[in-house]
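Q: Please find target-v1.pdb (PDB, C-alpha atoms) on the next line:
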ATOM      1  CA  MET M 262     -35.972  17.877   7.512
ATOM      2  CA  THR M 263     -37.404  18.510   4.068
ATOM      3  CA  THR M 264     -37.929  15.832   1.461
ATOM      4  CA  ASN M 265     -37.329  18.307  -1.321
ATOM      5  CA  PRO M 266     -33.652  19.283  -1.230
ATOM      6  CA  SER M 267     -34.079  22.112  -3.723
ATOM      7  CA  ALA M 268     -36.430  23.810  -1.262
ATOM      8  CA  SER M 269     -34.054  23.508   1.661
ATOM      9  CA  VAL M 270     -32.565  26.732   2.968
ATOM     10  CA  ALA M 271     -29.808  24.679   4.611
ATOM     11  CA  GLN M 272     -28.574  23.644   1.171
ATOM     12  CA  PRO M 273     -24.908  24.578   0.867
ATOM     13  CA  HIS M 274     -24.482  26.781  -2.172
ATOM     14  CA  ASP M 275     -21.031  25.587  -3.217
ATOM     15  CA  THR M 276     -21.953  21.951  -3.974
ATOM     16  CA  ASP M 277     -22.261  22.767  -7.663
ATOM     17  CA  THR M 278     -18.797  24.347  -7.755
ATOM     18  CA  ILE M 279     -17.215  21.443  -5.866
ATOM     19  CA  LEU M 280     -18.859  18.792  -8.052
ATOM     20  CA  ARG M 281     -17.842  20.528 -11.275
ATOM     21  CA  ALA M 282     -14.250  20.825 -10.070
ATOM     22  CA  ILE M 283     -14.102  17.116  -9.182
ATOM     23  CA  LEU M 284     -15.684  16.076 -12.502
ATOM     24  CA  ARG M 285     -13.170  18.271 -14.326
ATOM     25  CA  ASP M 286     -10.352  16.352 -12.637
ATOM     26  CA  VAL M 287     -11.896  12.895 -13.009
ATOM     27  CA  LEU M 288     -12.758  13.281 -16.685
ATOM     28  CA  GLY M 289      -9.977  15.678 -17.643
ATOM     29  CA  LEU M 290     -12.470  18.206 -19.002
ATOM     30  CA  SER M 291     -11.603  21.768 -19.908
ATOM     31  CA  ASP M 292     -13.124  24.546 -17.830
ATOM     32  CA  GLU M 293     -15.385  25.350 -20.789
ATOM     33  CA  ARG M 294     -16.676  21.779 -21.034
ATOM     34  CA  VAL M 295     -17.263  21.678 -17.281
ATOM     35  CA  ALA M 296     -19.230  24.924 -17.380
ATOM     36  CA  GLU M 297     -21.467  23.384 -20.074
ATOM     37  CA  LEU M 298     -22.597  20.521 -17.820
ATOM     38  CA  ASP M 299     -26.293  20.869 -17.084
ATOM     39  CA  ALA M 300     -28.814  18.829 -15.109
ATOM     40  CA  ASP M 301     -29.391  16.485 -18.078
ATOM     41  CA  SER M 302     -25.733  15.880 -18.920
ATOM     42  CA  GLY M 303     -25.175  12.111 -18.904
ATOM     43  CA  LEU M 304     -22.472  10.644 -16.656
ATOM     44  CA  PHE M 305     -22.311   6.978 -15.611
ATOM     45  CA  GLY M 306     -23.204   4.832 -18.612
ATOM     46  CA  HIS M 307     -22.836   7.799 -20.983
ATOM     47  CA  ILE M 308     -19.116   8.551 -20.766
ATOM     48  CA  PRO M 309     -16.908   5.492 -21.430
ATOM     49  CA  GLU M 310     -14.014   6.511 -19.172
ATOM     50  CA  PHE M 311     -16.400   7.165 -16.282
ATOM     51  CA  ASP M 312     -15.989   3.590 -15.010
ATOM     52  CA  SER M 313     -16.368   2.110 -11.529
ATOM     53  CA  MET M 314     -12.849   3.138 -10.523
ATOM     54  CA  ALA M 315     -13.451   6.729 -11.648
ATOM     55  CA  VAL M 316     -16.815   6.830  -9.888
ATOM     56  CA  ALA M 317     -15.225   5.477  -6.696
ATOM     57  CA  GLY M 318     -12.578   8.199  -6.831
ATOM     58  CA  LEU M 319     -15.222  10.838  -7.459
ATOM     59  CA  LEU M 320     -17.452   9.750  -4.563
ATOM     60  CA  THR M 321     -14.531   9.497  -2.147
ATOM     61  CA  GLU M 322     -13.369  12.976  -3.124
ATOM     62  CA  VAL M 323     -16.934  14.308  -2.718
ATOM     63  CA  GLU M 324     -17.070  12.764   0.777
ATOM     64  CA  ASP M 325     -13.797  14.451   1.719
ATOM     65  CA  ARG M 326     -14.673  17.893   0.407
ATOM     66  CA  CYS M 327     -18.325  17.979   1.468
ATOM     67  CA  ASP M 328     -17.750  16.195   4.794
ATOM     68  CA  ILE M 329     -20.439  13.584   4.168
ATOM     69  CA  LEU M 330     -20.488   9.780   4.183
ATOM     70  CA  ILE M 331     -22.067   7.983   1.244
ATOM     71  CA  GLU M 332     -23.248   4.447   2.013
ATOM     72  CA  ASP M 333     -23.085   1.476  -0.375
ATOM     73  CA  ASP M 334     -26.834   1.225  -0.746
ATOM     74  CA  GLU M 335     -27.137   4.895  -1.684
ATOM     75  CA  VAL M 336     -24.939   4.457  -4.725
ATOM     76  CA  ASP M 337     -26.824   3.357  -7.811
ATOM     77  CA  GLY M 338     -27.087   3.996 -11.509
ATOM     78  CA  ASP M 339     -29.878   6.556 -11.133
ATOM     79  CA  MET M 340     -27.964   8.803  -8.751
ATOM     80  CA  LEU M 341     -24.951   8.716 -11.077
ATOM     81  CA  GLU M 342     -26.723   8.862 -14.415
ATOM     82  CA  THR M 343     -26.903  12.617 -14.877
ATOM     83  CA  TYR M 344     -25.180  15.645 -13.456
ATOM     84  CA  GLY M 345     -28.515  16.883 -12.078
ATOM     85  CA  ALA M 346     -29.188  13.610 -10.239
ATOM     86  CA  LEU M 347     -25.723  13.621  -8.672
ATOM     87  CA  LEU M 348     -26.040  17.269  -7.625
ATOM     88  CA  THR M 349     -29.450  16.659  -6.056
ATOM     89  CA  PHE M 350     -28.114  13.629  -4.156
ATOM     90  CA  VAL M 351     -25.059  15.419  -2.764
ATOM     91  CA  ASN M 352     -27.097  18.492  -1.827
ATOM     92  CA  ALA M 353     -29.586  16.317   0.038
ATOM     93  CA  LYS M 354     -26.754  14.544   1.883
ATOM     94  CA  ARG M 355     -25.185  17.842   2.882
ATOM     95  CA  ALA M 356     -28.496  19.295   4.029
ATOM     96  CA  ALA M 357     -29.178  16.139   6.082
ATOM     97  CA  GLY M 358     -25.688  16.039   7.568
TER      98      GLY M 358
ATOM     99  CA  MET B  12      18.949   6.745 -13.743
ATOM    100  CA  LEU B  13      17.911   3.119 -13.082
ATOM    101  CA  THR B  14      19.628   1.460 -10.156
ATOM    102  CA  THR B  15      18.889  -1.290  -7.641
ATOM    103  CA  TRP B  16      18.759  -1.714  -3.893
ATOM    104  CA  ARG B  17      17.880  -4.542  -1.543
ATOM    105  CA  ALA B  18      14.710  -4.393   0.538
ATOM    106  CA  PRO B  19      14.797  -5.826   4.091
ATOM    107  CA  GLY B  20      12.648  -8.770   2.906
ATOM    108  CA  GLY B  21      15.578  -9.805   0.668
ATOM    109  CA  SER B  22      14.173  -8.780  -2.709
ATOM    110  CA  GLU B  23      16.253  -6.715  -5.101
ATOM    111  CA  GLU B  24      14.238  -3.670  -6.110
ATOM    112  CA  LEU B  25      14.606  -1.071  -8.818
ATOM    113  CA  ALA B  26      14.843   2.646  -8.183
ATOM    114  CA  ILE B  27      14.936   5.677 -10.470
ATOM    115  CA  ARG B  28      17.562   8.278  -9.632
ATOM    116  CA  PHE B  29      17.956  11.833 -10.811
ATOM    117  CA  GLY B  30      20.518  14.505  -9.975
ATOM    118  CA  ASP B  31      24.118  14.674  -8.787
ATOM    119  CA  ASP B  32      25.663  13.042  -5.732
ATOM    120  CA  GLY B  33      26.877  15.147  -2.875
ATOM    121  CA  GLY B  34      24.021  17.480  -2.055
ATOM    122  CA  PRO B  35      20.743  16.829  -0.282
ATOM    123  CA  ARG B  36      18.736  13.937  -1.680
ATOM    124  CA  LEU B  37      14.997  13.439  -1.650
ATOM    125  CA  LEU B  38      13.420  10.012  -1.104
ATOM    126  CA  VAL B  39      10.238   9.934  -3.178
ATOM    127  CA  LEU B  40       7.542   7.575  -1.870
ATOM    128  CA  PRO B  41       5.020   6.964  -4.648
ATOM    129  CA  ALA B  42       1.231   6.967  -4.431
ATOM    130  CA  TRP B  43      -0.323   3.510  -3.984
ATOM    131  CA  PHE B  44      -2.117   1.022  -6.228
ATOM    132  CA  ASP B  45      -4.216   2.579  -9.026
ATOM    133  CA  GLU B  46      -3.105   6.053  -7.954
ATOM    134  CA  SER B  47       0.487   5.005  -8.451
ATOM    135  CA  ASN B  48      -0.141   4.396 -12.166
ATOM    136  CA  LYS B  49      -2.057   7.616 -12.556
ATOM    137  CA  THR B  50       0.646   9.741 -10.940
ATOM    138  CA  ARG B  51       3.843   7.968 -12.057
ATOM    139  CA  HIS B  52       4.533  10.158 -15.086
ATOM    140  CA  PHE B  53       3.883  13.245 -12.985
ATOM    141  CA  THR B  54       6.114  11.935 -10.172
ATOM    142  CA  VAL B  55       9.067  11.090 -12.423
ATOM    143  CA  GLU B  56       8.736  14.369 -14.321
ATOM    144  CA  THR B  57       8.754  16.270 -11.009
ATOM    145  CA  MET B  58      12.013  14.475 -10.107
ATOM    146  CA  ARG B  59      13.594  15.404 -13.452
ATOM    147  CA  LEU B  60      12.621  19.044 -12.887
ATOM    148  CA  LEU B  61      14.034  18.862  -9.344
ATOM    149  CA  ALA B  62      17.395  17.751 -10.759
ATOM    150  CA  GLU B  63      17.359  20.856 -12.965
ATOM    151  CA  ARG B  64      16.825  22.841  -9.778
ATOM    152  CA  GLY B  65      19.821  21.184  -8.069
ATOM    153  CA  VAL B  66      17.856  18.672  -5.984
ATOM    154  CA  ALA B  67      18.767  14.989  -6.361
ATOM    155  CA  SER B  68      16.008  12.431  -5.794
ATOM    156  CA  VAL B  69      15.345   8.717  -5.837
ATOM    157  CA  LEU B  70      12.089   6.813  -6.400
ATOM    158  CA  PRO B  71      12.325   3.220  -5.126
ATOM    159  CA  ASP B  72       9.893   0.472  -6.095
ATOM    160  CA  LEU B  73       8.138  -0.691  -2.965
ATOM    161  CA  PRO B  74       8.288  -4.508  -2.613
ATOM    162  CA  GLY B  75       5.401  -6.016  -4.569
ATOM    163  CA  CYS B  76       4.872  -2.883  -6.669
ATOM    164  CA  ASN B  77       5.827  -1.763 -10.155
ATOM    165  CA  GLU B  78       8.774  -3.928 -11.376
ATOM    166  CA  SER B  79       9.226  -5.692  -8.041
ATOM    167  CA  MET B  80       9.472  -9.495  -8.022
ATOM    168  CA  ALA B  81       8.326  -9.653  -4.387
ATOM    169  CA  GLU B  82       4.756 -10.806  -3.719
ATOM    170  CA  LEU B  83       2.329  -7.959  -3.091
ATOM    171  CA  THR B  84       0.145 -10.295  -0.982
ATOM    172  CA  GLU B  85       2.989 -10.619   1.526
ATOM    173  CA  GLN B  86       3.416  -6.891   2.034
ATOM    174  CA  THR B  87       2.170  -4.954   5.053
ATOM    175  CA  PHE B  88       2.528  -1.389   6.292
ATOM    176  CA  GLY B  89       5.439  -2.746   8.341
ATOM    177  CA  SER B  90       7.303  -4.247   5.368
ATOM    178  CA  TRP B  91       6.792  -1.085   3.324
ATOM    179  CA  ARG B  92       7.858   1.128   6.229
ATOM    180  CA  GLU B  93      11.039  -0.932   6.617
ATOM    181  CA  ALA B  94      11.616  -0.825   2.870
ATOM    182  CA  ALA B  95      11.233   2.973   2.845
ATOM    183  CA  MET B  96      13.706   3.244   5.709
ATOM    184  CA  ALA B  97      16.166   0.885   4.011
ATOM    185  CA  ALA B  98      15.926   2.831   0.738
ATOM    186  CA  ALA B  99      16.467   6.122   2.573
ATOM    187  CA  LYS B 100      19.601   4.679   4.190
ATOM    188  CA  HIS B 101      20.918   3.007   1.041
ATOM    189  CA  PHE B 102      20.557   6.149  -1.073
ATOM    190  CA  GLU B 103      21.607   8.471   1.777
ATOM    191  CA  CYS B 104      18.444  10.537   1.568
ATOM    192  CA  THR B 105      18.195  13.690   3.635
ATOM    193  CA  HIS B 106      14.549  14.509   2.899
ATOM    194  CA  VAL B 107      11.358  12.724   1.899
ATOM    195  CA  LEU B 108       8.529  13.512  -0.502
ATOM    196  CA  ALA B 109       5.474  11.379   0.259
ATOM    197  CA  MET B 110       2.968  11.266  -2.578
ATOM    198  CA  ARG B 111      -0.646  10.630  -1.441
ATOM    199  CA  ALA B 112      -0.767   7.386   0.607
ATOM    200  CA  GLY B 113       3.038   7.252   0.670
ATOM    201  CA  VAL B 114       2.693   9.376   3.791
ATOM    202  CA  ASN B 115       1.522   6.273   5.708
ATOM    203  CA  ILE B 116       5.003   4.706   5.582
ATOM    204  CA  SER B 117       7.208   7.779   5.590
ATOM    205  CA  PRO B 118      10.529   7.343   7.439
ATOM    206  CA  ASP B 119      11.631   9.815  10.072
ATOM    207  CA  LEU B 120      13.106  12.449   7.730
ATOM    208  CA  PRO B 121      12.185  16.078   7.193
ATOM    209  CA  GLY B 122      10.279  16.774   4.027
ATOM    210  CA  PHE B 123       6.998  17.161   2.241
ATOM    211  CA  ALA B 124       3.622  15.523   1.715
ATOM    212  CA  TYR B 125       1.739  15.888  -1.553
ATOM    213  CA  ALA B 126      -2.034  15.562  -0.985
ATOM    214  CA  PRO B 127      -1.637  13.101   1.925
ATOM    215  CA  LEU B 128      -4.165  10.273   2.013
ATOM    216  CA  ALA B 129      -4.931   7.965   4.956
ATOM    217  CA  GLY B 130      -4.767   4.211   4.387
ATOM    218  CA  LYS B 131      -8.398   4.059   5.462
ATOM    219  CA  SER B 132      -9.404   6.312   2.560
ATOM    220  CA  VAL B 133      -7.323   4.254   0.098
ATOM    221  CA  LEU B 134      -9.245   1.159   1.132
ATOM    222  CA  ARG B 135     -12.603   2.952   1.046
ATOM    223  CA  ALA B 136     -12.118   4.016  -2.595
ATOM    224  CA  LEU B 137     -10.859   0.568  -3.662
ATOM    225  CA  LEU B 138     -13.741  -1.230  -1.925
ATOM    226  CA  ARG B 139     -16.214   1.183  -3.465
ATOM    227  CA  ALA B 140     -14.833   0.571  -6.957
ATOM    228  CA  ARG B 141     -15.264  -3.160  -6.399
ATOM    229  CA  THR B 142     -18.822  -2.952  -5.029
ATOM    230  CA  LEU B 143     -19.820  -0.599  -7.867
ATOM    231  CA  ALA B 144     -18.442  -2.971 -10.510
ATOM    232  CA  ALA B 145     -20.140  -5.922  -8.791
ATOM    233  CA  LYS B 146     -23.465  -4.091  -8.700
ATOM    234  CA  GLU B 147     -23.170  -3.269 -12.409
ATOM    235  CA  ALA B 148     -22.419  -6.930 -13.119
ATOM    236  CA  GLY B 149     -25.573  -7.957 -11.236
ATOM    237  CA  ARG B 150     -23.813  -9.782  -8.378
ATOM    238  CA  PRO B 151     -23.865  -7.241  -5.574
ATOM    239  CA  GLU B 152     -21.318  -7.352  -2.742
ATOM    240  CA  THR B 153     -21.225  -5.205   0.380
ATOM    241  CA  THR B 154     -18.257  -3.261   1.687
ATOM    242  CA  GLU B 155     -18.871  -4.721   5.139
ATOM    243  CA  THR B 156     -18.689  -8.352   3.989
ATOM    244  CA  LEU B 157     -15.703  -7.720   1.721
ATOM    245  CA  LEU B 158     -13.846  -6.099   4.573
ATOM    246  CA  GLN B 159     -14.571  -8.959   6.991
ATOM    247  CA  THR B 160     -13.441 -11.537   4.419
ATOM    248  CA  GLY B 161     -10.461  -9.399   3.430
ATOM    249  CA  LYS B 162      -9.136  -9.187   6.961
ATOM    250  CA  VAL B 163      -9.062 -12.996   7.118
ATOM    251  CA  GLU B 164      -8.327 -14.142   3.568
ATOM    252  CA  GLY B 165      -6.990 -11.069   1.804
ATOM    253  CA  LEU B 166      -8.766  -9.347  -1.077
ATOM    254  CA  GLU B 167      -8.414  -8.557  -4.767
ATOM    255  CA  LEU B 168      -9.092  -4.864  -5.278
ATOM    256  CA  ALA B 169      -8.765  -3.119  -8.639
ATOM    257  CA  GLY B 170      -6.452  -5.915  -9.794
ATOM    258  CA  TYR B 171      -4.219  -5.752  -6.717
ATOM    259  CA  TYR B 172      -4.021  -8.864  -4.534
ATOM    260  CA  LEU B 173      -3.728  -7.618  -0.974
ATOM    261  CA  GLY B 174      -2.948  -9.949   1.918
ATOM    262  CA  ALA B 175      -5.091 -10.073   5.060
ATOM    263  CA  ALA B 176      -2.538  -8.093   7.079
ATOM    264  CA  MET B 177      -2.410  -5.319   4.445
ATOM    265  CA  VAL B 178      -6.215  -5.082   4.365
ATOM    266  CA  ALA B 179      -6.267  -4.839   8.175
ATOM    267  CA  ASP B 180      -3.476  -2.224   8.170
ATOM    268  CA  LEU B 181      -5.309  -0.128   5.563
ATOM    269  CA  ALA B 182      -8.611  -0.353   7.445
ATOM    270  CA  GLU B 183      -7.037   1.070  10.596
ATOM    271  CA  ALA B 184      -4.755   3.719   9.093
ATOM    272  CA  VAL B 185      -5.684   7.319   9.785
ATOM    273  CA  LEU B 186      -3.424  10.269   9.040
ATOM    274  CA  ALA B 187      -1.044  10.591  11.975
ATOM    275  CA  PRO B 188       0.278  13.994  12.998
ATOM    276  CA  SER B 189       3.273  14.535  10.749
ATOM    277  CA  SER B 190       6.193  16.917  10.537
ATOM    278  CA  LEU B 191       6.013  16.742   6.726
ATOM    279  CA  VAL B 192       5.100  20.045   5.092
ATOM    280  CA  PRO B 193       1.967  19.681   2.941
ATOM    281  CA  LEU B 194       2.464  21.081  -0.568
ATOM    282  CA  ASP B 195      -0.238  22.294  -2.913
ATOM    283  CA  PRO B 196       0.974  23.036  -6.444
ATOM    284  CA  GLY B 197      -2.631  23.659  -7.577
ATOM    285  CA  GLY B 198      -4.058  22.314 -10.810
ATOM    286  CA  GLN B 199      -6.048  19.168 -11.507
ATOM    287  CA  LEU B 200      -5.968  16.189  -9.183
ATOM    288  CA  LEU B 201      -4.239  13.695 -11.479
ATOM    289  CA  TRP B 202      -4.937  10.664  -9.274
ATOM    290  CA  LEU B 203      -8.657  11.132  -9.899
ATOM    291  CA  ARG B 204      -8.285  10.897 -13.653
ATOM    292  CA  ALA B 205     -10.021   7.984 -15.305
ATOM    293  CA  GLU B 206      -7.100   7.815 -17.767
ATOM    294  CA  PRO B 207      -3.536   8.517 -16.599
ATOM    295  CA  GLU B 208      -2.374  11.944 -17.683
ATOM    296  CA  HIS B 209       0.530  14.268 -17.015
ATOM    297  CA  ASN B 210       0.530  17.980 -16.261
ATOM    298  CA  PRO B 211       3.921  19.655 -16.914
ATOM    299  CA  LYS B 212       2.895  22.973 -15.338
ATOM    300  CA  GLN B 213       1.821  21.275 -12.141
ATOM    301  CA  ALA B 214       5.042  19.219 -11.968
ATOM    302  CA  ALA B 215       7.066  22.433 -12.352
ATOM    303  CA  ALA B 216       5.026  24.106  -9.595
ATOM    304  CA  LEU B 217       5.613  21.152  -7.264
ATOM    305  CA  ALA B 218       9.347  21.061  -8.088
ATOM    306  CA  ASP B 219       9.580  24.798  -7.319
ATOM    307  CA  LEU B 220       7.896  24.338  -3.926
ATOM    308  CA  ILE B 221      10.199  21.434  -3.002
ATOM    309  CA  ALA B 222      13.391  23.141  -4.210
ATOM    310  CA  LYS B 223      12.458  26.214  -2.182
ATOM    311  CA  GLY B 224      11.593  24.082   0.857
ATOM    312  CA  MET B 225      14.872  22.168   0.776
ATOM    313  CA  VAL B 226      17.094  25.238   0.949
ATOM    314  CA  ALA B 227      14.867  26.902   3.569
TER     315      ALA B 227
END
Kindly present the structure from the file in structure tokens form.
A:
Amino acid sequence: MTTNPSASVAQPHDTDTILRAILRDVLGLSDERVAELDADSGLFGHIPEFDSMAVAGLLTEVEDRCDILIEDDEVDGDMLETYGALLTFVNAKRAAG
Amino acid sequence: MLTTWRAPGGSEELAIRFGDDGGPRLLVLPAWFDESNKTRHFTVETMRLLAERGVASVLPDLPGCNESMAELTEQTFGSWREAAMAAAKHFECTHVLAMRAGVNISPDLPGFAYAPLAGKSVLRALLRARTLAAKEAGRPETTETLLQTGKVEGLELAGYYLGAAMVADLAEAVLAPSSLVPLDPGGQLLWLRAEPEHNPKQAAALADLIAKGMVA
């Protein structure tokens, strides 16, 4: 097990695609807007409609599509603050699972 | 359009009807809780488009939901299952369309499931929304504790007051093998939207799939 998910060869390559598709649906973004999301794009605390209910829906959908389980204590503001942080977290979960 | 029927618990409930009498009729079981709000416009629009395609349909309020005067806290999977059966009988439905978690209480009719969701997953998302909000507010709660309390005392989740029996039913409910045909009209997943929104193209795609399925 590596502690650096970006270095893991087991890292599934479609996490980025899945996450963008879910964010598109949660936030009602156009495909263009979704494609513009980068590692620094702000999410929780930056987009008003991205509230606790929306985050809960997003995480549950991520669990379903990536076949992972996200525990309560893993969910915090840091992991949800930017697109990059969320992507890194989900990739690490998938690599570990 | 708007009509009423009586649920087994005794409450008079509203239902929305579209289409002509005589032919096959679809019982539409709505999505649950917050998802119900987010998909209602889409659901009703799909029914209107079905009527244009010669398929009559009816969308009953489940007891405790929407305009219902019944107490949501008193509802269980059992009461909703009985209500769905009673509505199917009252409106002489030949088929069912279960939206999302509606699949958990679907009566024994042929039909369709739109993005079926287990009760367990409904509860998981609602509990997560509550623990996230609590964490943000600086008074953390755990899913585990909430669930234990909820099974004894009931629980308020996303503004819905669920009784202990409903919490317990949700916690146990996995997707059972079903004869309902799963339908995928494509497009965005409207129940995930932070703000309710409609998608006319998607409703038309779903109506096409159902209309085709009902004559098949």
Q: Could you list, as number ranges by chain, every residue matched by the PyMOL selection byres ((chain M) within 12 of (chain B)) in this structure?
A: M: 281-292, 305-306, 308-325, 330-339, 341
Q: Residues near Lys223 in chain B, anyone? I mean within 12 Å using all atoms listed in the file, not counting same-chain ones fewer than 3 positions away, as a VMD selection string.
A: chain B and resid 61 64 to 66 122 to 123 194 216 to 220 226 to 227
Q: Can you measure CA of Phe102 in chain B to CA of Ala222 in chain B for me? One decimal in Å is fine.
A: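 Separation of CA of Phe102 in chain B and CA of Ala222 in chain B: 18.7 Å.
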Q: Take CA of Leu70 in chain B and CA of Met58 in chain B and report the distance between them in Å, one decimal.
A: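 These atoms are spaced 8.5 Å apart.
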Q: Determine the nearest neighbour of Leu166 in chain B from the options B:Ile221, B:Leu83, B:Gly34, B:Glu183, counting all atoms listed in the file.
A: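 So, comparing all the options, the nearest one is B:Leu83.
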Q: Write out as a PyMOL selection string each polymer residue whose atoms come within 12 Å of Pro41 in chain B, counting all atoms listed in the file; drop sequence neighbours fewer than 2 positions from it.
A: chain B and resi 26-27+38-39+43-55+57-58+69-73+76-77+91+95+107-117+124-128+202
Q: Let's have the selection written as a PDB file, keeping the file's coordinate frame, with C-alpha atoms.
A:
ATOM      1  CA  ALA B  26      14.843   2.646  -8.183  1.00  0.00           C
ATOM      2  CA  ILE B  27      14.936   5.677 -10.470  1.00  0.00           C
ATOM      3  CA  LEU B  38      13.420  10.012  -1.104  1.00  0.00           C
ATOM      4  CA  VAL B  39      10.238   9.934  -3.178  1.00  0.00           C
ATOM      5  CA  TRP B  43      -0.323   3.510  -3.984  1.00  0.00           C
ATOM      6  CA  PHE B  44      -2.117   1.022  -6.228  1.00  0.00           C
ATOM      7  CA  ASP B  45      -4.216   2.579  -9.026  1.00  0.00           C
ATOM      8  CA  GLU B  46      -3.105   6.053  -7.954  1.00  0.00           C
ATOM      9  CA  SER B  47       0.487   5.005  -8.451  1.00  0.00           C
ATOM     10  CA  ASN B  48      -0.141   4.396 -12.166  1.00  0.00           C
ATOM     11  CA  LYS B  49      -2.057   7.616 -12.556  1.00  0.00           C
ATOM     12  CA  THR B  50       0.646   9.741 -10.940  1.00  0.00           C
ATOM     13  CA  ARG B  51       3.843   7.968 -12.057  1.00  0.00           C
ATOM     14  CA  HIS B  52       4.533  10.158 -15.086  1.00  0.00           C
ATOM     15  CA  PHE B  53       3.883  13.245 -12.985  1.00  0.00           C
ATOM     16  CA  THR B  54       6.114  11.935 -10.172  1.00  0.00           C
ATOM     17  CA  VAL B  55       9.067  11.090 -12.423  1.00  0.00           C
ATOM     18  CA  THR B  57       8.754  16.270 -11.009  1.00  0.00           C
ATOM     19  CA  MET B  58      12.013  14.475 -10.107  1.00  0.00           C
ATOM     20  CA  VAL B  69      15.345   8.717  -5.837  1.00  0.00           C
ATOM     21  CA  LEU B  70      12.089   6.813  -6.400  1.00  0.00           C
ATOM     22  CA  PRO B  71      12.325   3.220  -5.126  1.00  0.00           C
ATOM     23  CA  ASP B  72       9.893   0.472  -6.095  1.00  0.00           C
ATOM     24  CA  LEU B  73       8.138  -0.691  -2.965  1.00  0.00           C
ATOM     25  CA  CYS B  76       4.872  -2.883  -6.669  1.00  0.00           C
ATOM     26  CA  ASN B  77       5.827  -1.763 -10.155  1.00  0.00           C
ATOM     27  CA  TRP B  91       6.792  -1.085   3.324  1.00  0.00           C
ATOM     28  CA  ALA B  95      11.233   2.973   2.845  1.00  0.00           C
ATOM     29  CA  VAL B 107      11.358  12.724   1.899  1.00  0.00           C
ATOM     30  CA  LEU B 108       8.529  13.512  -0.502  1.00  0.00           C
ATOM     31  CA  ALA B 109       5.474  11.379   0.259  1.00  0.00           C
ATOM     32  CA  MET B 110       2.968  11.266  -2.578  1.00  0.00           C
ATOM     33  CA  ARG B 111      -0.646  10.630  -1.441  1.00  0.00           C
ATOM     34  CA  ALA B 112      -0.767   7.386   0.607  1.00  0.00           C
ATOM     35  CA  GLY B 113       3.038   7.252   0.670  1.00  0.00           C
ATOM     36  CA  VAL B 114       2.693   9.376   3.791  1.00  0.00           C
ATOM     37  CA  ASN B 115       1.522   6.273   5.708  1.00  0.00           C
ATOM     38  CA  ILE B 116       5.003   4.706   5.582  1.00  0.00           C
ATOM     39  CA  SER B 117       7.208   7.779   5.590  1.00  0.00           C
ATOM     40  CA  ALA B 124       3.622  15.523   1.715  1.00  0.00           C
ATOM     41  CA  TYR B 125       1.739  15.888  -1.553  1.00  0.00           C
ATOM     42  CA  ALA B 126      -2.034  15.562  -0.985  1.00  0.00           C
ATOM     43  CA  PRO B 127      -1.637  13.101   1.925  1.00  0.00           C
ATOM     44  CA  LEU B 128      -4.165  10.273   2.013  1.00  0.00           C
ATOM     45  CA  TRP B 202      -4.937  10.664  -9.274  1.00  0.00           C
TER      46      TRP B 202
END
Q: Hey, can you check how far CA of Ala184 in chain B sits from CA of Gly89 in chain B?
A: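 Interatomic distance, CA of Ala184 in chain B to CA of Gly89 in chain B: 12.1 Å.
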Q: Given the choices B:Gly165, B:Pro74, B:Gly130, B:Pro35, which gets closest to Gln86 in chain B if the distance is worked out from only C-alpha atoms?
A: B:Pro74
Q: Could you list, as a PyMOL selection string, every residue within 9 Å of Ala62 in chain B, counting all atoms listed in the file and ignoring same-chain residues fewer than 6 positions away?
A: chain B and resi 29-31+68
Q: Here's the selection I'm unsure about, the PyMOL selection byres ((chain B and resi 18) around 8); applied to the file above, which residues does it give, as a VMD selection string?
A: chain B and resid 16 to 17 19 to 24 74 93 to 94 97 to 98
Q: Closest to Leu298 in chain M among M:Asp277, M:Met340, M:Ala356, M:Asp328, using all atoms listed in the file?
A: M:Asp277
Q: Using only C-alpha atoms, find the one residue out of M:Gly358, M:Cys327, M:Thr343, M:Leu304 that sits nearest to Thr278 in chain M.
A: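 Going through M:Gly358, M:Cys327, M:Thr343, M:Leu304 one by one, the smallest distance to Thr278 in chain M is for M:Cys327.
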Q: Which of these, M:Asp275, M:Ile329, M:Lys354, M:Tyr344, has the shortest distance to Val295 in chain M once you count all atoms listed in the file?
A: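 Nearest to Val295 in chain M: M:Tyr344.
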Q: Find the smallest box with edges along x, y and z containing every listed atom of range 325-336 of chain M, then add 8 Å on each side and report centre and edge lengths in Å to one decimal, as lines of an AutoDock Vina configuration file.
A:
center_x = -20.5
center_y = 9.6
center_z = 0.0
size_x = 29.3
size_y = 32.8
size_z = 25.5
Q: Run the PyMOL selection byres ((chain M and resi 349) around 10) on the file and write out the hits as a short mmCIF file (atom, residue, chain, number, x, y, z; two decimals) with C-alpha atoms, keeping the file's coordinate frame.
A:
data_model
loop_
_atom_site.label_atom_id
_atom_site.label_comp_id
_atom_site.auth_asym_id
_atom_site.auth_seq_id
_atom_site.Cartn_x
_atom_site.Cartn_y
_atom_site.Cartn_z
CA ASN M 265 -37.33 18.31 -1.32
CA PRO M 266 -33.65 19.28 -1.23
CA SER M 267 -34.08 22.11 -3.72
CA THR M 276 -21.95 21.95 -3.97
CA ASP M 277 -22.26 22.77 -7.66
CA ALA M 300 -28.81 18.83 -15.11
CA MET M 340 -27.96 8.80 -8.75
CA TYR M 344 -25.18 15.64 -13.46
CA GLY M 345 -28.52 16.88 -12.08
CA ALA M 346 -29.19 13.61 -10.24
CA LEU M 347 -25.72 13.62 -8.67
CA LEU M 348 -26.04 17.27 -7.62
CA PHE M 350 -28.11 13.63 -4.16
CA VAL M 351 -25.06 15.42 -2.76
CA ASN M 352 -27.10 18.49 -1.83
CA ALA M 353 -29.59 16.32 0.04
CA LYS M 354 -26.75 14.54 1.88
CA ARG M 355 -25.18 17.84 2.88
#
